[in-house]
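*Asks:* Following this line is my_file25.cif, made up of mmCIF, C-alpha atoms:
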data_query
#
loop_
_atom_site.label_atom_id
_atom_site.label_comp_id
_atom_site.auth_asym_id
_atom_site.auth_seq_id
_atom_site.Cartn_x
_atom_site.Cartn_y
_atom_site.Cartn_z
CA MET T 276 91.09 90.31 121.39
CA ALA T 277 88.40 89.86 118.72
CA SER T 278 85.59 90.25 121.25
CA ARG T 279 87.17 93.41 122.71
CA ILE T 280 87.43 94.91 119.21
CA ALA T 281 83.84 93.94 118.40
CA GLU T 282 82.63 95.64 121.61
CA ARG T 283 84.43 98.91 120.93
CA GLY T 284 84.79 99.03 117.16
CA ALA T 285 84.55 96.88 114.09
CA LEU T 286 85.94 93.42 113.53
CA VAL T 287 86.41 92.80 109.81
CA SER T 288 87.65 89.49 108.45
CA GLU T 289 87.04 87.06 105.64
CA HIS T 290 87.68 84.19 108.04
CA LEU T 291 85.74 82.78 110.95
CA PRO T 292 87.14 83.56 114.41
CA SER T 293 88.17 79.91 114.80
CA VAL T 294 90.51 80.04 111.78
CA LYS T 295 94.15 80.15 112.86
CA PRO T 296 96.42 82.84 111.37
CA ARG T 297 98.30 81.52 108.34
CA ALA T 298 100.72 83.25 105.98
CA GLU T 299 98.44 82.76 102.97
CA HIS T 300 95.67 84.72 104.75
CA PHE T 301 97.79 87.87 105.13
CA PRO T 302 97.38 89.26 101.58
CA ARG T 303 93.58 89.13 101.91
CA ARG T 304 93.82 90.80 105.30
CA ASN T 305 96.11 93.44 103.80
CA ARG T 306 93.52 94.14 101.08
CA ILE T 307 90.92 94.80 103.77
CA VAL T 308 93.32 97.01 105.75
CA SER T 309 94.16 99.11 102.69
CA GLY T 310 90.49 99.31 101.71
CA LEU T 311 89.57 100.71 105.12
CA SER T 312 92.43 103.22 105.08
CA LEU T 313 92.58 106.75 103.71
CA ALA T 314 96.19 106.18 102.68
CA VAL T 315 99.06 103.75 103.24
CA LEU T 316 102.49 104.73 104.57
CA VAL T 317 105.28 102.19 104.10
CA VAL T 318 108.15 102.76 106.52
CA GLU T 319 110.29 99.68 105.85
CA ALA T 320 109.90 96.95 103.28
CA THR T 321 112.13 94.38 101.66
CA LYS T 322 111.70 93.41 97.98
CA LYS T 323 109.15 90.70 98.91
CA SER T 324 107.33 92.35 101.78
CA GLY T 325 103.72 92.13 102.90
CA SER T 326 103.86 95.92 103.09
CA LEU T 327 104.31 96.01 99.32
CA ILE T 328 101.23 93.80 98.91
CA THR T 329 99.27 96.28 101.03
CA ALA T 330 100.66 99.21 99.01
CA LYS T 331 99.68 97.45 95.75
CA TYR T 332 96.12 96.93 96.96
CA ALA T 333 95.95 100.54 98.19
CA ALA T 334 96.97 101.84 94.77
CA GLU T 335 94.41 99.58 93.05
CA GLN T 336 91.75 100.85 95.46
CA GLY T 337 92.55 104.49 94.67
CA ARG T 338 94.29 105.18 97.98
CA ASP T 339 97.41 107.33 98.21
CA VAL T 340 100.63 105.44 98.90
CA PHE T 341 103.47 107.08 100.82
CA ALA T 342 106.95 105.74 101.43
CA ILE T 343 109.88 106.75 103.61
CA PRO T 344 113.27 106.26 101.98
CA GLY T 345 116.26 104.80 103.81
CA SER T 346 119.83 103.74 103.31
CA ILE T 347 120.57 102.06 99.97
CA ARG T 348 122.78 99.64 101.90
CA GLN T 349 119.89 98.22 103.94
CA PRO T 350 117.71 95.50 102.37
CA PHE T 351 114.66 96.54 104.40
CA HIS T 352 114.50 99.86 102.51
CA THR T 353 114.56 98.45 98.96
CA GLY T 354 110.78 98.07 98.90
CA CYS T 355 110.25 101.73 99.85
CA HIS T 356 112.70 102.83 97.17
CA SER T 357 110.86 100.72 94.61
CA LEU T 358 107.53 102.26 95.63
CA ILE T 359 108.93 105.78 95.33
CA LYS T 360 110.36 104.95 91.89
CA SER T 361 106.96 103.73 90.77
CA GLY T 362 105.08 106.82 91.96
CA ALA T 363 104.51 106.61 95.73
CA CYS T 364 104.69 109.95 97.52
CA LEU T 365 108.12 110.55 99.05
CA VAL T 366 107.91 111.29 102.78
CA GLN T 367 110.93 113.11 104.21
CA SER T 368 109.21 114.74 107.17
CA PRO T 369 105.89 114.51 109.03
CA ASP T 370 104.71 117.65 107.20
CA ASP T 371 104.93 115.79 103.87
CA LEU T 372 102.30 113.37 105.13
CA LEU T 373 100.16 115.64 107.33
CA GLY T 374 99.17 118.00 104.51
CA GLU T 375 98.04 115.11 102.33
CA ILE T 376 96.20 113.34 105.15
CA GLU T 377 94.36 116.54 106.04
CA SER T 378 93.02 116.88 102.49
CA LEU T 379 92.07 113.18 102.45
CA THR T 380 90.30 113.56 105.80
CA ASN T 381 88.36 116.57 104.51
CA TRP T 382 87.34 114.59 101.42
CA SER T 383 86.23 111.68 103.61
CA LYS T 384 84.05 113.96 105.75
CA LYS T 385 82.28 115.21 102.61
CA VAL T 386 81.70 111.73 101.16
CA GLN T 387 80.87 109.75 104.30
CA PRO T 388 77.49 111.33 105.15
CA THR T 389 76.13 110.41 101.72
CA LEU T 390 77.65 106.94 101.63
CA PHE T 391 74.65 105.22 103.24
CA ASP T 392 71.90 107.70 102.39
CA GLN T 393 70.74 105.97 99.22
CA VAL T 394 66.98 105.63 99.08
CA ILE T 395 65.91 102.18 97.93
CA ASP T 396 63.01 101.92 95.52
CA LYS T 397 60.89 98.95 96.60
CA GLU T 398 60.51 97.94 92.96
CA GLU T 399 64.23 97.84 92.27
CA LEU T 400 67.20 96.33 94.11
CA PRO T 401 70.29 98.51 94.57
CA PHE T 402 73.42 97.82 92.52
CA PRO T 403 71.80 95.28 90.16
CA ASP T 404 75.04 94.69 88.19
CA LEU T 405 76.86 93.69 91.36
CA LEU T 406 73.97 91.65 92.77
CA ALA T 407 73.70 89.73 89.49
CA ASN T 408 77.22 88.42 90.09
CA VAL T 409 76.73 87.34 93.72
CA GLY T 410 75.24 83.89 94.16
CA ILE T 411 75.04 81.05 96.64
CA GLU T 412 78.77 80.28 96.41
CA ALA T 413 81.27 82.70 97.96
CA THR T 414 82.65 85.14 95.41
CA PRO T 415 85.71 87.25 96.34
CA VAL T 416 85.64 91.04 95.94
CA ASP T 417 88.39 90.92 93.29
CA ILE T 418 86.34 88.55 91.12
CA LEU T 419 83.24 90.71 91.51
CA ALA T 420 85.24 93.76 90.42
CA GLN T 421 86.52 91.89 87.36
CA LYS T 422 83.10 90.58 86.36
CA THR T 423 81.32 93.92 86.79
CA HIS T 424 84.14 96.19 85.60
CA ILE T 425 83.60 98.26 88.73
CA PRO T 426 86.68 99.49 90.66
CA VAL T 427 87.47 97.40 93.75
CA GLN T 428 86.90 100.28 96.18
CA GLU T 429 83.46 100.93 94.70
CA VAL T 430 82.60 97.21 94.83
CA MET T 431 83.60 97.17 98.51
CA GLN T 432 81.41 100.21 99.24
CA GLN T 433 78.47 98.68 97.38
CA LEU T 434 78.90 95.34 99.14
CA LEU T 435 78.98 97.06 102.52
CA GLU T 436 75.75 98.88 101.71
CA LEU T 437 74.16 95.67 100.38
CA GLU T 438 75.24 93.85 103.55
CA LEU T 439 73.73 96.57 105.76
CA LEU T 440 70.50 96.31 103.77
CA GLY T 441 70.46 92.53 104.24
CA HIS T 442 70.94 91.52 100.60
CA VAL T 443 74.38 89.88 100.88
CA VAL T 444 76.51 88.41 103.63
CA ALA T 445 80.29 88.21 103.97
CA VAL T 446 81.51 84.64 104.39
CA ASN T 447 84.85 82.91 104.29
CA GLY T 448 86.03 83.40 100.71
CA GLY T 449 83.83 86.35 99.71
CA TYR T 450 80.15 87.24 99.55
CA ILE T 451 76.93 85.30 99.01
CA LEU T 452 73.30 86.30 98.56
CA LYS T 453 71.26 86.43 101.71
CA GLY T 454 67.61 85.37 101.87
CA ARG T 455 66.42 88.89 100.95
CA GLY T 456 68.84 89.13 97.95
#
Please, can you express the file's structure as structure tokens?

*Replies:*
Amino acid sequence: MASRIAERGALVSEHLPSVKPRAEHFPRRNRIVSGLSLAVLVVEATKKSGSLITAKYAAEQGRDVFAIPGSIRQPFHTGCHSLIKSGACLVQSPDDLLGEIESLTNWSKKVQPTLFDQVIDKEELPFPDLLANVGIEATPVDILAQKTHIPVQEVMQQLLELELLGHVVAVNGGYILKGRG
């Protein structure tokens, strides 16, 4: 499956292809999923659901979080109710979501063309604050955001640009400097 995805799209992971799926890997995967998403819609979630972890990361990354309510008698709706209580957008019909997604999509179209258009001055490396905190040992995105006081979503965008420029490389556990860094 990984090779089919790589041929037709993007394969994004903090783990090597040989690493077997394990429960403790899911939160990190969920952080990547939410970071690549315009918004997150939670349809069903218990009190301790991976969906809530994804929703938490989405909120931290500045993404909109939507939730569909359900019966108060069903345990797999308690997570959605909790999200709605704490500020997630209530979704009662497809129109509730479609209007928001359309505005997010329009925003994305405006931002995306400029995302990788930064001109690099040969005298100066891009994102020096971020690069100063990446070394030869893998540093996770969350730690880089804490050290630099840069929001996680901005750190992820900067790391992607630095990776495309050949300054850093994603490895199991985070990012390291590449030879050109």

*Asks:* Can you translate the PyMOL selection byres ((chain T and resi 356) around 10) into the concrete residues it hits in this file, as a VMD selection string?

*Replies:* chain T and resid 319 to 322 342 to 347 351 to 355 357 to 361 363 365

*Asks:* Between T:Ser278, T:Ser326, T:Gln336, T:Asn408, which residue has the minimum interatomic distance to T:Ser312, considering all atoms listed in the file?

*Replies:* T:Gln336

*Asks:* At most 10 Å from (75.0, 89.3, 102.5), file frame, all atoms listed in the file: which residues, as a PyMOL selection string?

*Replies:* chain T and resi 409-410+434-446+449-456

*Asks:* Expand the PyMOL selection byres ((chain T and resi 291) around 12) into the explicit residue set it covers here, and present it as a PyMOL selection string.

*Replies:* chain T and resi 277+286-290+292-296+300+445-449

*Asks:* Would you save the residues from that selection as a PDB file, in the frame of the given file, using C-alpha atoms?

*Replies:*
ATOM      1  CA  ALA T 277      88.400  89.860 118.720  1.00  0.00           C
ATOM      2  CA  LEU T 286      85.940  93.420 113.530  1.00  0.00           C
ATOM      3  CA  VAL T 287      86.410  92.800 109.810  1.00  0.00           C
ATOM      4  CA  SER T 288      87.650  89.490 108.450  1.00  0.00           C
ATOM      5  CA  GLU T 289      87.040  87.060 105.640  1.00  0.00           C
ATOM      6  CA  HIS T 290      87.680  84.190 108.040  1.00  0.00           C
ATOM      7  CA  PRO T 292      87.140  83.560 114.410  1.00  0.00           C
ATOM      8  CA  SER T 293      88.170  79.910 114.800  1.00  0.00           C
ATOM      9  CA  VAL T 294      90.510  80.040 111.780  1.00  0.00           C
ATOM     10  CA  LYS T 295      94.150  80.150 112.860  1.00  0.00           C
ATOM     11  CA  PRO T 296      96.420  82.840 111.370  1.00  0.00           C
ATOM     12  CA  HIS T 300      95.670  84.720 104.750  1.00  0.00           C
ATOM     13  CA  ALA T 445      80.290  88.210 103.970  1.00  0.00           C
ATOM     14  CA  VAL T 446      81.510  84.640 104.390  1.00  0.00           C
ATOM     15  CA  ASN T 447      84.850  82.910 104.290  1.00  0.00           C
ATOM     16  CA  GLY T 448      86.030  83.400 100.710  1.00  0.00           C
ATOM     17  CA  GLY T 449      83.830  86.350  99.710  1.00  0.00           C
TER      18      GLY T 449
END

*Asks:* Could you check which of T:Phe402, T:Arg279, T:Gly374, T:Val430 is closest to T:Pro415, using all atoms listed in the file?

*Replies:*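 For T:Pro415, the nearest of the given residues is T:Val430.
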
*Asks:* Pick out the closest residue to T:Arg304 from this set: T:Gly284, T:Glu399, T:Asp404, T:Gly325. Count all atoms listed in the file.

*Replies:*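 Ranked by minimum distance to T:Arg304, first place goes to T:Gly325.
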
*Asks:* What is the atom CA of T:Ala334-atom CA of T:Arg306 distance in Å, reported with one decimal?

*Replies:*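 Value for the atom CA of T:Ala334-atom CA of T:Arg306 distance: 10.5 Å.
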
*Asks:* Can you give me, as an NGL selection string, the residues this file yields under the PyMOL selection byres ((chain T and resi 423) around 12)?

*Replies:* :T and (402-409 or 416-422 or 424-427 or 429-430 or 433)

*Asks:* So how many Å separate atom CA of T:Ala413 and atom CA of T:Ser309, to one decimal?

*Replies:* 21.4 Å

*Asks:* Could you work out an axis-aligned bounding box for all listed atoms of stretch 400-403 of chain T, with 4 Å added on each of the six sides, and give its centre and edge lengths in Å to one decimal, as lines of an AutoDock Vina configuration file?

*Replies:*
center_x = 70.3
center_y = 96.9
center_z = 92.4
size_x = 14.2
size_y = 11.2
size_z = 12.4

*Asks:* Between atom CA of T:Ile328 and atom CA of T:Glu412, what distance in Å does the model show, to one decimal?

*Replies:*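 So the two atoms, atom CA of T:Ile328 and atom CA of T:Glu412, lie 26.3 Å apart.
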
*Asks:* Of the residues T:Ile411, T:Ile307, T:Leu316, T:Leu327, which is the one nearest to T:Leu372, using all atoms listed in the file?

*Replies:*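 For T:Leu372, the nearest of the given residues is T:Leu316.
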
*Asks:* Taking all atoms listed in the file into account, name the residue in T:Arg297, T:Lys323, T:Arg283, T:Arg338 that is nearest to T:Cys364.

*Replies:*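 When distances to T:Cys364 are compared using all atoms listed in the file, the smallest one comes from T:Arg338.
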
*Asks:* Taking (96.3, 110.8, 107.1) as a centre in this file's frame and 10 Å as the limit, can you find every polymer residue with an atom that close, using only C-alpha atoms, and give them as a list in words?

*Replies:* Ser312, Leu313, Ala314, Val315, Leu316, Asp339, Leu372, Leu373, Gly374, Glu375, Ile376, Glu377, Ser378, Leu379 and Thr380 of chain T

*Asks:* Restore N, CA, C and O atoms in stretch 278-293 of chain T and list the result as a PDB file, keeping the file's coordinate frame.

*Replies:*
ATOM      1  N   SER T 278      86.801  89.807 120.558  1.00  0.00           N
ATOM      2  CA  SER T 278      85.590  90.250 121.250  1.00  0.00           C
ATOM      3  C   SER T 278      85.745  91.668 121.789  1.00  0.00           C
ATOM      4  O   SER T 278      84.798  92.450 121.778  1.00  0.00           O
ATOM      5  N   ARG T 279      86.945  92.036 122.237  1.00  0.00           N
ATOM      6  CA  ARG T 279      87.170  93.410 122.710  1.00  0.00           C
ATOM      7  C   ARG T 279      87.029  94.393 121.556  1.00  0.00           C
ATOM      8  O   ARG T 279      86.436  95.459 121.722  1.00  0.00           O
ATOM      9  N   ILE T 280      87.553  94.036 120.376  1.00  0.00           N
ATOM     10  CA  ILE T 280      87.430  94.910 119.210  1.00  0.00           C
ATOM     11  C   ILE T 280      85.964  95.031 118.810  1.00  0.00           C
ATOM     12  O   ILE T 280      85.471  96.123 118.533  1.00  0.00           O
ATOM     13  N   ALA T 281      85.257  93.924 118.791  1.00  0.00           N
ATOM     14  CA  ALA T 281      83.840  93.940 118.400  1.00  0.00           C
ATOM     15  C   ALA T 281      83.010  94.799 119.348  1.00  0.00           C
ATOM     16  O   ALA T 281      82.069  95.456 118.922  1.00  0.00           O
ATOM     17  N   GLU T 282      83.357  94.823 120.641  1.00  0.00           N
ATOM     18  CA  GLU T 282      82.630  95.640 121.610  1.00  0.00           C
ATOM     19  C   GLU T 282      82.855  97.121 121.399  1.00  0.00           C
ATOM     20  O   GLU T 282      81.958  97.925 121.575  1.00  0.00           O
ATOM     21  N   ARG T 283      84.062  97.497 121.001  1.00  0.00           N
ATOM     22  CA  ARG T 283      84.430  98.910 120.930  1.00  0.00           C
ATOM     23  C   ARG T 283      84.582  99.438 119.510  1.00  0.00           C
ATOM     24  O   ARG T 283      84.785 100.614 119.302  1.00  0.00           O
ATOM     25  N   GLY T 284      84.553  98.585 118.527  1.00  0.00           N
ATOM     26  CA  GLY T 284      84.790  99.030 117.160  1.00  0.00           C
ATOM     27  C   GLY T 284      84.255  98.020 116.181  1.00  0.00           C
ATOM     28  O   GLY T 284      83.222  97.409 116.412  1.00  0.00           O
ATOM     29  N   ALA T 285      84.982  97.815 115.120  1.00  0.00           N
ATOM     30  CA  ALA T 285      84.550  96.880 114.090  1.00  0.00           C
ATOM     31  C   ALA T 285      85.575  95.774 113.936  1.00  0.00           C
ATOM     32  O   ALA T 285      86.769  96.012 113.958  1.00  0.00           O
ATOM     33  N   LEU T 286      85.090  94.571 113.799  1.00  0.00           N
ATOM     34  CA  LEU T 286      85.940  93.420 113.530  1.00  0.00           C
ATOM     35  C   LEU T 286      85.627  92.985 112.105  1.00  0.00           C
ATOM     36  O   LEU T 286      84.507  92.597 111.809  1.00  0.00           O
ATOM     37  N   VAL T 287      86.614  93.103 111.217  1.00  0.00           N
ATOM     38  CA  VAL T 287      86.410  92.800 109.810  1.00  0.00           C
ATOM     39  C   VAL T 287      87.365  91.690 109.409  1.00  0.00           C
ATOM     40  O   VAL T 287      88.567  91.811 109.591  1.00  0.00           O
ATOM     41  N   SER T 288      86.823  90.607 108.877  1.00  0.00           N
ATOM     42  CA  SER T 288      87.650  89.490 108.450  1.00  0.00           C
ATOM     43  C   SER T 288      86.901  88.658 107.431  1.00  0.00           C
ATOM     44  O   SER T 288      85.671  88.626 107.427  1.00  0.00           O
ATOM     45  N   GLU T 289      87.645  87.998 106.573  1.00  0.00           N
ATOM     46  CA  GLU T 289      87.040  87.060 105.640  1.00  0.00           C
ATOM     47  C   GLU T 289      87.037  85.651 106.216  1.00  0.00           C
ATOM     48  O   GLU T 289      86.603  84.718 105.568  1.00  0.00           O
ATOM     49  N   HIS T 290      87.549  85.503 107.428  1.00  0.00           N
ATOM     50  CA  HIS T 290      87.680  84.190 108.040  1.00  0.00           C
ATOM     51  C   HIS T 290      86.890  84.137 109.356  1.00  0.00           C
ATOM     52  O   HIS T 290      86.726  85.141 110.030  1.00  0.00           O
ATOM     53  N   LEU T 291      86.433  82.977 109.687  1.00  0.00           N
ATOM     54  CA  LEU T 291      85.740  82.780 110.950  1.00  0.00           C
ATOM     55  C   LEU T 291      86.724  82.973 112.099  1.00  0.00           C
ATOM     56  O   LEU T 291      87.932  82.746 111.939  1.00  0.00           O
ATOM     57  N   PRO T 292      86.246  83.365 113.275  1.00  0.00           N
ATOM     58  CA  PRO T 292      87.140  83.560 114.410  1.00  0.00           C
ATOM     59  C   PRO T 292      87.958  82.319 114.775  1.00  0.00           C
ATOM     60  O   PRO T 292      89.053  82.428 115.308  1.00  0.00           O
ATOM     61  N   SER T 293      87.457  81.147 114.453  1.00  0.00           N
ATOM     62  CA  SER T 293      88.170  79.910 114.800  1.00  0.00           C
ATOM     63  C   SER T 293      89.341  79.598 113.865  1.00  0.00           C
ATOM     64  O   SER T 293      90.151  78.723 114.162  1.00  0.00           O
TER      65      SER T 293
END
